[in-house]
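Notes to accompany the following structure.
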Amino acid sequence: MDKATALDLYRVMRTIRRFEQRSTQLFGENKIWGTIHSYAGEEAIAAGVCAHLRDDDWITSTHRGHGHCIAKRADLGRMFAELLGREAGYCRGRGGSMHIADTSKGNLGANGIVGGGIPIATGAALTAKQLGTDQVAVAFFGDGAANQGTFHESLNLAAIWKLPVLYVCENNQYAESLPVKRAFATEDIAKRAEGYGMPGVRVDGRDVRAVYGVAAEAVARARRGEGPTLIVADSYRHEGHYYGDPRKYQSKDEVEGWRERFDPVADARRWIAEDGLATEAELDAIDRKVDAEMEKGVAFAEASPLASPIRIPEEVYASH
Amino acid sequence: MDKATALDLYRVMRTIRRFEQRSTQLFGENKIWGTIHSYAGEEAIAAGVCAHLRDDDWITSTHRGHGHCIAKRADLGRMFAELLGREAGYCRGRGGSMHIADTSKGNLGANGIVGGGIPIATGAALTAKQLGTDQVAVAFFGDGAANQGTFHESLNLAAIWKLPVLYVCENNQYAESLPVKRAFATEDIAKRAEGYGMPGVRVDGRDVRAVYGVAAEAVARARRGEGPTLIVADSYRHEGHYYGDPRKYQSKDEVEGWRERFDPVADARRWIAEDGLATEAELDAIDRKVDAEMEKGVAFAEASPLASPIRIPEEVYASH
Amino acid sequence: MQATETRTGVATREMFYNEALNDALRGEMRRDDRVLVIGEDIAEHGGAFQVTAGLLDEFGPTRVRQTPISEIGIVGAGVGAALTGLRPVVELMYVDFAGLAMDQILNQAAQNRFMFGGQARVPLVVRTQGGSGRGNAAQHSKSLEAWFTHVPGLKVVMPATPADAKGLLTASIRDDDPVMFIEHKLLYRTKGQVPEGEHLVPLGVADVKRRGKDLTIVSWSREVLFALEAATKLAADGVDAEVIDLRTLVPLDKDAVLSSVRRTHRLLVLHEAVKRGGYGAEIAATIAEEAFDDLDAPPRRLAGLETPIPYAQHLEKSVVPQVEDIVRVAKEMLS
Amino acid sequence: MQATETRTGVATREMFYNEALNDALRGEMRRDDRVLVIGEDIAEHGGAFQVTAGLLDEFGPTRVRQTPISEIGIVGAGVGAALTGLRPVVELMYVDFAGLAMDQILNQAAQNRFMFGGQARVPLVVRTQGGSGRGNAAQHSKSLEAWFTHVPGLKVVMPATPADAKGLLTASIRDDDPVMFIEHKLLYRTKGQVPEGEHLVPLGVADVKRRGKDLTIVSWSREVLFALEAATKLAADGVDAEVIDLRTLVPLDKDAVLSSVRRTHRLLVLHEAVKRGGYGAEIAATIAEEAFDDLDAPPRRLAGLETPIPYAQHLEKSVVPQVEDIVRVAKEMLS
Ligand SMILES: Cc1ncc(C[n+]2csc(CCOP(=O)(O)OP(=O)(O)O)c2C)c(N)n1
Ligand SMILES: Cc1ncc(C[n+]2csc(CCOP(=O)(O)OP(=O)(O)O)c2C)c(N)n1
Ligand SMILES: [Mg+2]
Ligand SMILES: [Mg+2]
């Protein structure tokens, strides 16, 4: 991997991690309403996949969507503004954490319905195919979503129509309090791909290089018109399911120790340095830059006006 | 296979075939309202599977449900009465062809929703497991239903809970006008089982001996508490999707010739005679008996009074 | 079926309701490459009610996308396609199957625009059909429009005549919002004069299908035809009924109903859907609230009984309003 | 939380609404082995709102069946289990997810009895919760009861107080029909006195939560609490409002509403769900029809605005009726 790519992946991952820390902090300060779900621990997946996407490629995301949003190059200030219910937010305070979309960058939105984005990405891929472009679509979703009917119907549809779409299953070992071991009677979710007649790849979602490699091939395949791929990335969720989750279903060891033992961001820092792609100082500089941008984003959001009152019907209907 | 079993399988298949001929005839005489879907060509599946079921084992059926009903030992007169909208019908004329149920024999009903019966059979299997009985449940459904979300969610649930259930996919090559080749990007639907962690078996649905054998093993497995099995039976639909289907999507050869080329009932007759299990005369006697019972059933239905007026709320609510 | 001229100078042709819908689809698919139809059984077979007949031949399999039986998958693909530049018309074979696809309608299509702060639009049409009368029993005979009217972000269209079917489908396809377009299985083989060429009926405009002064019957879809029949019978008995066809339930042409009731002073809302929780309640409650002093009699609703639809022919008719029922209730209201 | 005696001699204890529900589940699971709970996140975690807390410890994983995220699969399994001898209580974590499971509710559970000519019964409870007020935005804040009321075969229960929550859930579990039992996310941490031991509130009986003579406010679920607050404020201004809590929308206690309106001559229906197509229309239309001459003012509805629920806290409140809105409308009705 070349230096620029490696550093960019690192920067994206580091940004995601910092964003989650910062928004958790804001939540603790009672500045965020509703719920937030931290993507910490899973950064390598969004970063590794989205590195191959152009602004006119589409993604659909999940309730745990901050990472996808950032990897798809969203503006941090507007993201924070959304979380704080400000008019400058991506959804003008209407959506909040679970619904951030950025259509200008091809992000068709986070989704509060588990599995809800999978058919939508499939439809976006249909658009690309129909209009004869080389755009691709990516559906990000969790291990939990892989047991939804939408997963099944969409993968079959994409396979028979050879749609340019990647189904990226982020196996973070849990769906809320349910461990994957109790949600599947099979070890390897990627095996499901065979039942639809598409390639299924299992990848170490801790290693951004591995994700990057697997995604490269799947995106290229999609752009070549050869159809969809299912990628299952083994990963780990550092935090509880949501901010404040008492995590009664996990051991003390897991709650306290695992985020150190499974850290894709720290890993990336390590191999970048070890492979001589960048010095510690260069990496520190990236960290500082990321942190500064984060604070700029928070400051922007905090200074910006509250969301404006809702206008009906014009906000609900496009033509009225 | 012993003589009694062979002849019983033959009798059931022959009954189903004749029932479909007779109801088609009644439809042509404008005595049946709505739609009917003929099971002709697929008799070996219902017969071969249900031969292993007791009256306290459950099945869920489909819009193409007459065969399952008969194989689960329903009364022909009450079936015809239902088709003719009579009070003596299984559903007192409320249900019609697409909703015949016979709970006294464990038939939880035909279903007009493709894939709608799959979760219901799963729930019945849950009852058996919960109450610690050795009952089993069977979900019959078509190739088309295998692309419904209910299929996916139910098979996964049954696999993780090790429920005593058989999922019997009747691949009759079409879902309405859509040939399986265009509905699946994979050759072998049974492969999907692996993705759920359950055994998947593909069987020649034309050969009742083969179906009988595969079902024996799956039912035994379920009764032993070892969990679900997916059985995919390759078969062929003799008629159009429904009575009156113009079959524009099929070749002339297929419409005219295929029902002779793929005939599980004629096959059974042949091997029973060839294997010396019964003489032609014995088989003819069965045919005559079946035909006589059929006419008795039709006569019963035609002589019985029309369905009584609907009483609300007592027919809609059990407690009111 | 030959072309004729109406008084307004527009050429019309007699067509069946399903032909009129076909005409609209064909016209829009010719006009705009981004329009495509997606659904089960819609290609060679031409759709369960022949609405898409012949489209495969003209537009080929990429624009006439026949799908496996995967309701939420295909409606969801429609949402995604609509969000990214196509104008899909997804066919849900029976409205009864909406329960399978509802999440994509309710939580995605209807809400994307609002939820994303105005970034998105979803020019999706979900064509479907409902109603009883063909012996299809409880899972293929429902009328579920009330559900969709209760979902902000959706438009709900239910044409009663071939001309309206064509004009409203054309308008729905050109509309930038998700539209639930609900046909009636017993209207497909009804005939009427239909304007040739481009024909648009705007969403949100009711049609007074019969003028009258004694009472206002508000209805939609197939029951409009029943109302007209009843009005003819009532006229013979000296009762002059006005029949308003809402055509689109959302947006609702409230003014049309209000101004009629202000003249006739009596309101009967008529629909096939189950009465309890039906859209008739919305109309009656709205008029009771906004035209209370204009009413000379309690607003009435005549609608489906509180039961699933039975199979047998004689039973099926007994649970949804028939012409005689309308005549009876109208007379009660005037006595 | 200590036991106290009420005037009627029944021991009561102060409980949160979610504790009262838990008490009902525990009581029924102890009483009847066939009762089991099925749902997502209901085991170790105790449910998203802690309604099933502790049940795993007492009853073990076979009777507290935590499932993957497969809404139609688990509701359908509940239907099958109910048809064959169990009495399942399936938890649908948010009513917003009903769109995924709706087919099994609409076409199977609700219709099996009728469709099969009376052979079947479906003693299934689908417990779910809805409503806004926690910043969960458009996909986790809906009020969809109107949909269920429109489905013959379903019962619809929406308790507003801890005591009713316990009594109605117990009755729902013992009922032989499918019941949609809809809680409200902002009621879980409200407190009230709850009878100890077996406590049943029959389905279909409304509760007059406040007597009054000037107008009748009909409501259910969380808005009942708003109505009571508003009534207190109105009393200070000399307006004496009666507050009826329907508790069960189906079966509907129509007589309770009718007899109240016949005394007060004014009706205000209040609910959080979107007004258009909401169940308030059913109540208002019914009363307009059946008590027209008793009404001294048009029947009014105060309900959610025609929009998905927004996220931001200040916006969220702006789209559903607040106490001040009720006070304002009530005063308008009396002026
Ligand atoms: C349809 C639906 N069912 C249930 C929920 C509640 N819920 C929110 S997140 C979640 C777990 C999702 O698990 P997974 O797909 O693995 O994603 P993760 O949270 O692990 O990223 C659940 C059950 C929901 N939002 N939508
Ligand atoms: C949910 C649903 N979608 C569509 C239909 C319309 N429909 C009835 S039968 C059928 C084809 C079913 O195909 P398959 O499952 O293979 O069964 P087969 O008819 O071949 O026995 C379709 C699409 C339906 N009844 N239910
Ligand atoms: Mg997960
Ligand atoms: Mg088939």
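Lettering and numbering for the structure tokens are positional, with chains as A, B, ... in the shown order, residues counted from 1 in each chain, and ligands counted from 1 in the shown order.
The contact shell of ligand 4, defined as all polymer residues within 9 Å when only C-alpha atoms and all ligand atoms are used, comprises Phe141, Gly142, Asp143, Gly144, Ala145, Cys169, Glu170, Asn171, Asn172, Gln173, Tyr174, Ala175, Glu176, Leu178, Pro179, Val180, Ser235, Tyr236, Arg237 and His241 of chain B.
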Within 10 Å of chain C: residues of chain B, using only C-alpha atoms, as a compact mmCIF listing (two decimals) with N, CA and C atoms, in the first residue's frame:
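Here's the written file iface_33.txt:
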# COMPACT_ATOMS: atom_id res chain seq x y z
N ILE B 32 -67.61 -23.07 -9.38
CA ILE B 32 -66.62 -22.61 -8.39
C ILE B 32 -66.33 -21.14 -8.64
N TRP B 33 -66.26 -20.40 -7.58
CA TRP B 33 -66.07 -18.95 -7.62
C TRP B 33 -64.59 -18.68 -7.37
N GLY B 34 -64.13 -17.50 -7.77
CA GLY B 34 -62.73 -17.16 -7.49
C GLY B 34 -61.76 -17.88 -8.41
N THR B 35 -60.71 -18.44 -7.83
CA THR B 35 -59.61 -19.04 -8.59
C THR B 35 -59.29 -20.41 -8.01
N ILE B 36 -58.81 -21.30 -8.84
CA ILE B 36 -58.19 -22.52 -8.31
C ILE B 36 -56.86 -22.76 -8.98
N GLU B 82 -66.46 -26.82 0.23
CA GLU B 82 -65.83 -25.51 0.40
C GLU B 82 -65.71 -24.80 -0.95
N LEU B 83 -65.27 -25.54 -1.95
CA LEU B 83 -65.11 -24.92 -3.27
C LEU B 83 -66.44 -24.42 -3.80
N LEU B 84 -67.51 -25.10 -3.43
CA LEU B 84 -68.83 -24.72 -3.93
C LEU B 84 -69.54 -23.72 -3.00
N GLY B 85 -68.83 -23.26 -1.98
CA GLY B 85 -69.41 -22.23 -1.10
C GLY B 85 -70.54 -22.75 -0.23
N ARG B 86 -70.38 -23.97 0.25
CA ARG B 86 -71.44 -24.58 1.05
C ARG B 86 -71.12 -24.51 2.54
N GLU B 87 -72.18 -24.60 3.32
CA GLU B 87 -72.02 -24.56 4.77
C GLU B 87 -71.21 -25.75 5.27
N CYS B 91 -64.42 -24.51 5.62
CA CYS B 91 -64.43 -23.15 6.15
C CYS B 91 -65.82 -22.53 6.04
N ARG B 92 -66.82 -23.39 5.90
CA ARG B 92 -68.20 -22.91 5.81
C ARG B 92 -68.35 -21.89 4.68
N GLY B 93 -67.63 -22.10 3.60
CA GLY B 93 -67.73 -21.21 2.45
C GLY B 93 -67.05 -19.86 2.62
N ARG B 94 -66.46 -19.66 3.77
CA ARG B 94 -65.77 -18.38 4.01
C ARG B 94 -64.39 -18.34 3.35
N GLY B 95 -63.79 -19.51 3.19
CA GLY B 95 -62.39 -19.53 2.77
C GLY B 95 -62.17 -19.81 1.29
N GLY B 96 -62.86 -20.82 0.78
CA GLY B 96 -62.63 -21.19 -0.61
C GLY B 96 -61.32 -21.94 -0.80
N SER B 97 -61.00 -22.19 -2.06
CA SER B 97 -59.83 -23.00 -2.40
C SER B 97 -58.55 -22.56 -1.71
N MET B 98 -58.34 -21.27 -1.61
CA MET B 98 -57.06 -20.79 -1.11
C MET B 98 -56.92 -20.81 0.40
N HIS B 99 -58.00 -21.24 1.10
CA HIS B 99 -57.90 -21.17 2.56
C HIS B 99 -58.39 -22.42 3.26
N ASN B 111 -52.78 -21.01 2.13
CA ASN B 111 -52.46 -19.62 2.38
C ASN B 111 -52.35 -18.88 1.05
N GLY B 112 -53.08 -17.79 0.94
CA GLY B 112 -53.05 -17.01 -0.29
C GLY B 112 -51.86 -16.09 -0.38
N ILE B 113 -51.11 -15.99 0.70
CA ILE B 113 -49.93 -15.14 0.71
C ILE B 113 -48.73 -16.03 0.46
N VAL B 114 -48.06 -15.79 -0.65
CA VAL B 114 -46.89 -16.62 -0.97
C VAL B 114 -45.85 -16.48 0.14
N GLY B 115 -45.50 -17.59 0.74
CA GLY B 115 -44.55 -17.57 1.85
C GLY B 115 -45.21 -17.35 3.20
N GLY B 116 -46.51 -17.11 3.21
CA GLY B 116 -47.19 -16.77 4.46
C GLY B 116 -47.26 -17.90 5.46
N ASP B 143 -41.25 -22.70 -5.20
CA ASP B 143 -39.96 -22.07 -5.52
C ASP B 143 -40.07 -20.56 -5.39
N GLY B 144 -41.22 -20.03 -5.77
CA GLY B 144 -41.40 -18.58 -5.67
C GLY B 144 -41.28 -18.11 -4.23
N ALA B 145 -41.86 -18.85 -3.33
CA ALA B 145 -41.85 -18.47 -1.92
C ALA B 145 -40.45 -18.48 -1.33
N ALA B 146 -39.55 -19.24 -1.97
CA ALA B 146 -38.19 -19.30 -1.44
C ALA B 146 -37.46 -17.96 -1.59
N ASN B 147 -38.03 -17.03 -2.33
CA ASN B 147 -37.43 -15.70 -2.42
C ASN B 147 -38.16 -14.67 -1.56
N GLN B 148 -39.00 -15.13 -0.68
CA GLN B 148 -39.68 -14.24 0.26
C GLN B 148 -38.86 -14.13 1.54
N GLY B 149 -38.96 -12.97 2.16
CA GLY B 149 -38.28 -12.76 3.43
C GLY B 149 -38.71 -13.74 4.50
N THR B 150 -39.95 -14.19 4.46
CA THR B 150 -40.42 -15.13 5.48
C THR B 150 -39.63 -16.43 5.45
N ALA B 175 -43.03 -19.56 -10.93
CA ALA B 175 -43.81 -18.77 -9.98
C ALA B 175 -44.68 -17.89 -10.88
N GLU B 176 -45.94 -18.22 -10.99
CA GLU B 176 -46.80 -17.63 -12.01
C GLU B 176 -46.08 -17.75 -13.35
N SER B 177 -45.80 -16.63 -14.01
CA SER B 177 -45.17 -16.72 -15.33
C SER B 177 -43.65 -16.69 -15.28
N LEU B 178 -43.09 -16.62 -14.08
CA LEU B 178 -41.63 -16.49 -13.98
C LEU B 178 -40.96 -17.86 -13.82
N PRO B 179 -40.15 -18.24 -14.81
CA PRO B 179 -39.44 -19.52 -14.69
C PRO B 179 -38.36 -19.43 -13.61
N VAL B 180 -38.12 -20.53 -12.91
CA VAL B 180 -37.10 -20.49 -11.84
C VAL B 180 -35.76 -19.99 -12.35
N ARG B 182 -35.08 -17.64 -14.09
CA ARG B 182 -34.97 -16.18 -14.01
C ARG B 182 -35.16 -15.65 -12.59
N ALA B 183 -35.57 -16.52 -11.69
CA ALA B 183 -35.82 -16.08 -10.32
C ALA B 183 -34.65 -16.34 -9.38
N PHE B 184 -33.74 -17.21 -9.83
CA PHE B 184 -32.58 -17.58 -9.01
C PHE B 184 -31.33 -17.47 -9.87
N ASP B 245 -55.29 -19.74 -17.11
CA ASP B 245 -54.02 -19.09 -17.46
C ASP B 245 -53.74 -19.28 -18.95
N PRO B 246 -53.58 -18.20 -19.71
CA PRO B 246 -53.30 -18.35 -21.15
C PRO B 246 -51.89 -18.90 -21.44
N ARG B 247 -51.04 -18.95 -20.45
CA ARG B 247 -49.70 -19.57 -20.57
C ARG B 247 -48.89 -19.00 -21.73
N LYS B 248 -48.98 -17.70 -21.87
CA LYS B 248 -48.24 -17.03 -22.94
C LYS B 248 -46.73 -17.17 -22.77
N TYR B 249 -46.32 -17.45 -21.59
CA TYR B 249 -44.89 -17.52 -21.26
C TYR B 249 -44.31 -18.91 -21.48
N GLN B 250 -45.12 -19.82 -22.03
CA GLN B 250 -44.63 -21.18 -22.27
C GLN B 250 -44.75 -21.53 -23.75
N LEU B 306 -76.18 -23.95 0.85
CA LEU B 306 -75.26 -22.83 0.71
C LEU B 306 -74.78 -22.34 2.07
N ALA B 307 -73.65 -21.70 2.06
CA ALA B 307 -73.10 -21.15 3.30
C ALA B 307 -74.09 -20.19 3.94
N SER B 308 -74.18 -20.26 5.25
CA SER B 308 -75.12 -19.42 6.00
C SER B 308 -74.61 -17.98 6.07
N PRO B 309 -75.52 -17.06 6.30
CA PRO B 309 -75.12 -15.65 6.40
C PRO B 309 -74.08 -15.44 7.50
N ILE B 310 -73.29 -14.42 7.32
CA ILE B 310 -72.18 -14.16 8.25
C ILE B 310 -72.69 -13.47 9.50
N ARG B 311 -72.22 -13.95 10.63
CA ARG B 311 -72.58 -13.33 11.90
C ARG B 311 -71.37 -12.59 12.46
N ILE B 312 -71.62 -11.32 12.74
CA ILE B 312 -70.55 -10.46 13.26
C ILE B 312 -71.00 -9.98 14.64
N PRO B 313 -70.17 -9.97 15.65
CA PRO B 313 -68.73 -10.23 15.64
C PRO B 313 -68.35 -11.69 15.89
N GLU B 315 -68.17 -14.45 14.41
CA GLU B 315 -67.32 -15.20 13.49
C GLU B 315 -65.92 -14.58 13.36
N VAL B 316 -65.82 -13.32 13.75
CA VAL B 316 -64.56 -12.60 13.57
C VAL B 316 -63.71 -12.66 14.84
N TYR B 317 -64.39 -12.69 15.97
CA TYR B 317 -63.69 -12.75 17.25
C TYR B 317 -64.13 -13.98 18.02
I want to know what sits within 10 Å of segment 260-271 of chain A, based on only C-alpha atoms, with residues of the same chain fewer than 5 positions away left out; could you give that as a compact mmCIF listing (two decimals) with C-alpha atoms, in the first residue's frame?
# COMPACT_ATOMS: atom_id res chain seq x y z
CA ALA A 6 -2.33 4.43 4.00
CA LEU A 7 -2.33 7.85 5.55
CA LEU A 9 -7.19 5.49 5.52
CA TYR A 10 -5.60 6.29 8.85
CA ARG A 11 -6.94 9.82 8.80
CA VAL A 12 -10.47 8.65 8.04
CA MET A 13 -10.37 6.02 10.78
CA ARG A 14 -8.91 8.43 13.26
CA THR A 15 -11.60 10.97 12.36
CA ILE A 16 -14.33 8.45 12.94
CA ARG A 17 -12.88 7.40 16.28
CA ALA A 40 -15.80 2.83 17.51
CA GLY A 41 -13.98 -0.41 16.78
CA GLU A 42 -15.43 -0.77 13.29
CA GLU A 43 -13.63 2.10 11.59
CA ALA A 44 -11.62 -0.08 9.26
CA ILE A 45 -14.74 -1.23 7.44
CA GLY A 205 -12.59 -6.16 9.64
CA ARG A 206 -9.91 -5.16 12.06
CA ASP A 207 -7.35 -4.81 9.31
CA VAL A 208 -8.07 -1.89 7.05
CA ARG A 209 -5.64 -3.22 4.45
CA SER A 235 -15.27 -6.79 13.72
CA TYR A 236 -16.01 -5.71 17.25
CA ARG A 237 -18.14 -3.04 18.87
CA HIS A 238 -16.14 -1.14 21.49
CA GLU A 254 -15.24 -7.80 27.74
CA GLY A 276 8.03 2.82 7.25
CA LEU A 277 5.18 4.53 5.45
CA ALA A 278 5.16 7.41 7.90
CA THR A 279 6.89 8.50 11.05
CA GLU A 280 5.27 8.80 14.43
CA LEU A 283 0.95 10.42 12.36
CA ASP A 284 0.82 12.75 15.33
Using only C-alpha atoms, which chain B residues lie at most 12 Å away from chain A, written as a count of residues only?
-> 44
Please measure the separation of atom CA of Lys155 of chain C and atom CA of Ile105 of chain C, giving the value in Å to one decimal.
-> 11.2 Å
Shell around segment 212-226 of chain C at 9 Å using only C-alpha atoms, local window under 4 positions removed, as an NGL selection string | :C and (131 or 158-161 or 182-187 or 230-231 or 239-249 or 257 or 260-261 or 263-272 or 280 or 283 or 321-323 or 326 or 330 or 333-334)
Specify as a list in words all residues of chain C found within 6 Å of chain D, counting only C-alpha atoms.
-> Gly99, Leu100, Met102, Asp103, Asn107, Gln139, Trp147, Thr149, His150, Pro152, Arg276, Gly277, Tyr279, Ala281, Glu282, Ala284, Ala285, Glu289, Phe292, Pro298, Pro299, Arg300, Glu306 and Thr307 of chain C
Selected residues written out, N, CA, C and O atoms, as a short mmCIF file (atom, residue, chain, number, x, y, z; two decimals), in the first residue's frame:
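New file result_20.cif:
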data_model
loop_
_atom_site.label_atom_id
_atom_site.label_comp_id
_atom_site.auth_asym_id
_atom_site.auth_seq_id
_atom_site.Cartn_x
_atom_site.Cartn_y
_atom_site.Cartn_z
N GLY C 99 -48.86 -5.47 3.40
CA GLY C 99 -48.30 -5.80 4.71
C GLY C 99 -46.87 -6.30 4.63
O GLY C 99 -46.12 -6.18 5.59
N LEU C 100 -46.49 -6.84 3.51
CA LEU C 100 -45.13 -7.34 3.35
C LEU C 100 -44.14 -6.23 2.99
O LEU C 100 -42.96 -6.34 3.28
N MET C 102 -44.70 -2.91 3.63
CA MET C 102 -45.11 -1.68 4.29
C MET C 102 -43.95 -0.89 4.87
O MET C 102 -43.99 0.34 4.86
N ASP C 103 -42.94 -1.56 5.37
CA ASP C 103 -41.86 -0.78 5.97
C ASP C 103 -41.21 0.15 4.97
O ASP C 103 -40.89 1.30 5.29
N ASN C 107 -41.71 3.79 6.35
CA ASN C 107 -40.54 4.36 7.01
C ASN C 107 -39.50 4.91 6.06
O ASN C 107 -38.61 5.64 6.48
N GLN C 139 -57.67 -12.81 1.69
CA GLN C 139 -56.29 -12.32 1.50
C GLN C 139 -56.07 -11.66 0.14
O GLN C 139 -54.94 -11.27 -0.17
N TRP C 147 -55.03 3.09 5.52
CA TRP C 147 -53.66 3.00 6.06
C TRP C 147 -52.74 4.05 5.42
O TRP C 147 -51.96 4.70 6.11
N THR C 149 -53.52 6.80 3.83
CA THR C 149 -53.89 8.20 4.09
C THR C 149 -53.34 8.66 5.43
O THR C 149 -53.17 9.85 5.65
N HIS C 150 -53.05 7.72 6.31
CA HIS C 150 -52.59 8.04 7.67
C HIS C 150 -51.07 8.23 7.71
O HIS C 150 -50.51 8.46 8.78
N PRO C 152 -48.12 10.52 6.61
CA PRO C 152 -47.69 11.77 5.99
C PRO C 152 -46.53 11.51 5.03
O PRO C 152 -45.62 10.76 5.36
N ARG C 276 -64.99 0.74 10.26
CA ARG C 276 -64.19 1.14 11.43
C ARG C 276 -62.77 1.52 11.01
O ARG C 276 -62.05 0.72 10.41
N GLY C 277 -62.40 2.74 11.34
CA GLY C 277 -61.07 3.21 10.97
C GLY C 277 -60.90 3.50 9.50
O GLY C 277 -59.78 3.72 9.04
N TYR C 279 -61.44 5.62 5.79
CA TYR C 279 -61.23 7.04 5.45
C TYR C 279 -62.55 7.80 5.44
O TYR C 279 -62.57 9.02 5.51
N ALA C 281 -64.48 7.96 7.83
CA ALA C 281 -64.53 8.63 9.12
C ALA C 281 -63.83 9.98 9.03
O ALA C 281 -64.29 10.98 9.59
N GLU C 282 -62.73 10.01 8.30
CA GLU C 282 -62.00 11.28 8.14
C GLU C 282 -62.88 12.32 7.44
O GLU C 282 -62.96 13.47 7.87
N ALA C 284 -66.23 12.33 7.17
CA ALA C 284 -67.39 12.66 8.00
C ALA C 284 -66.99 13.55 9.17
O ALA C 284 -67.68 14.54 9.48
N ALA C 285 -65.87 13.22 9.81
CA ALA C 285 -65.44 14.01 10.96
C ALA C 285 -65.05 15.43 10.53
O ALA C 285 -65.34 16.41 11.22
N GLU C 289 -67.03 18.77 11.65
CA GLU C 289 -66.34 19.86 12.34
C GLU C 289 -66.46 21.18 11.59
O GLU C 289 -66.74 22.22 12.18
N PHE C 292 -70.67 22.04 10.47
CA PHE C 292 -71.66 21.55 11.42
C PHE C 292 -73.01 22.25 11.25
O PHE C 292 -74.06 21.60 11.17
N PRO C 298 -77.56 14.11 10.54
CA PRO C 298 -76.24 13.59 10.92
C PRO C 298 -75.49 13.09 9.69
O PRO C 298 -76.09 12.48 8.81
N PRO C 299 -74.20 13.34 9.63
CA PRO C 299 -73.41 12.79 8.53
C PRO C 299 -73.39 11.27 8.67
O PRO C 299 -73.21 10.76 9.77
N ARG C 300 -73.59 10.57 7.58
CA ARG C 300 -73.65 9.11 7.66
C ARG C 300 -72.49 8.49 6.91
O ARG C 300 -71.97 9.05 5.94
N GLU C 306 -67.51 -5.16 9.54
CA GLU C 306 -66.30 -5.45 10.33
C GLU C 306 -65.94 -6.93 10.22
O GLU C 306 -65.98 -7.67 11.20
N THR C 307 -65.56 -7.34 9.03
CA THR C 307 -65.21 -8.74 8.81
C THR C 307 -64.23 -8.85 7.66
O THR C 307 -64.25 -8.02 6.75
#
Near Gln135 of chain A, counting only C-alpha atoms, which residues have an atom at most 9 Å away, once you skip same-chain residues fewer than 6 positions from it, shown as a PyMOL selection string?
-> chain A and resi 53-54+56-58+125+127-129+164+222-223
Generate a file of the selected residues that holds C-alpha atoms, formatted as a compact mmCIF listing (two decimals), in the first residue's frame.
# COMPACT_ATOMS: atom_id res chain seq x y z
CA LEU A 53 -16.06 5.13 -3.87
CA ARG A 54 -16.52 8.33 -5.80
CA ASP A 56 -21.38 9.80 -7.29
CA ASP A 57 -21.33 6.28 -5.89
CA TRP A 58 -24.04 5.58 -3.38
CA ALA A 125 -27.56 0.01 -8.18
CA THR A 127 -30.37 3.12 -11.39
CA ALA A 128 -26.72 2.78 -12.36
CA LYS A 129 -27.43 -0.29 -14.43
CA PRO A 164 -23.38 -3.19 -9.28
CA ALA A 222 -19.37 -4.18 -9.89
CA ARG A 223 -18.05 -1.43 -12.17
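Between ligand 3 and the residues A:Tyr242, A:Phe80, A:Trp258, A:Phe300, the shortest atom-to-atom distance, using only C-alpha atoms and all ligand atoms, involves A:Tyr242.
A straight line drawn from atom CA of Gly197 of chain D to atom CA of Arg127 of chain D is 21.1 Å long.
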Would you please extract all strand (DSSP E or B) residues from segment 1-168 of chain D, as assigned by DSSP on the backbone, and give them as a VMD selection string?
-> chain D and resid 3 to 5 11 to 16 35 to 39 64 to 66 87 to 92 125 to 130 155 to 157
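Nearest to ligand 3 of all the residues A:His63, A:Lys31, A:Lys105, A:His52 is A:His63, based on only C-alpha atoms and all ligand atoms.
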Go through segment 43-122 of chain B and collect every residue that DSSP, computed from the backbone, puts in alpha helix (DSSP H); the answer should be as a VMD selection string.
-> chain B and resid 43 to 50 66 to 71 76 to 83 117 to 122
Atom CA of Arg13 of chain D to atom CA of Tyr188 of chain D: how many Å, to one decimal?
-> 15.9 Å
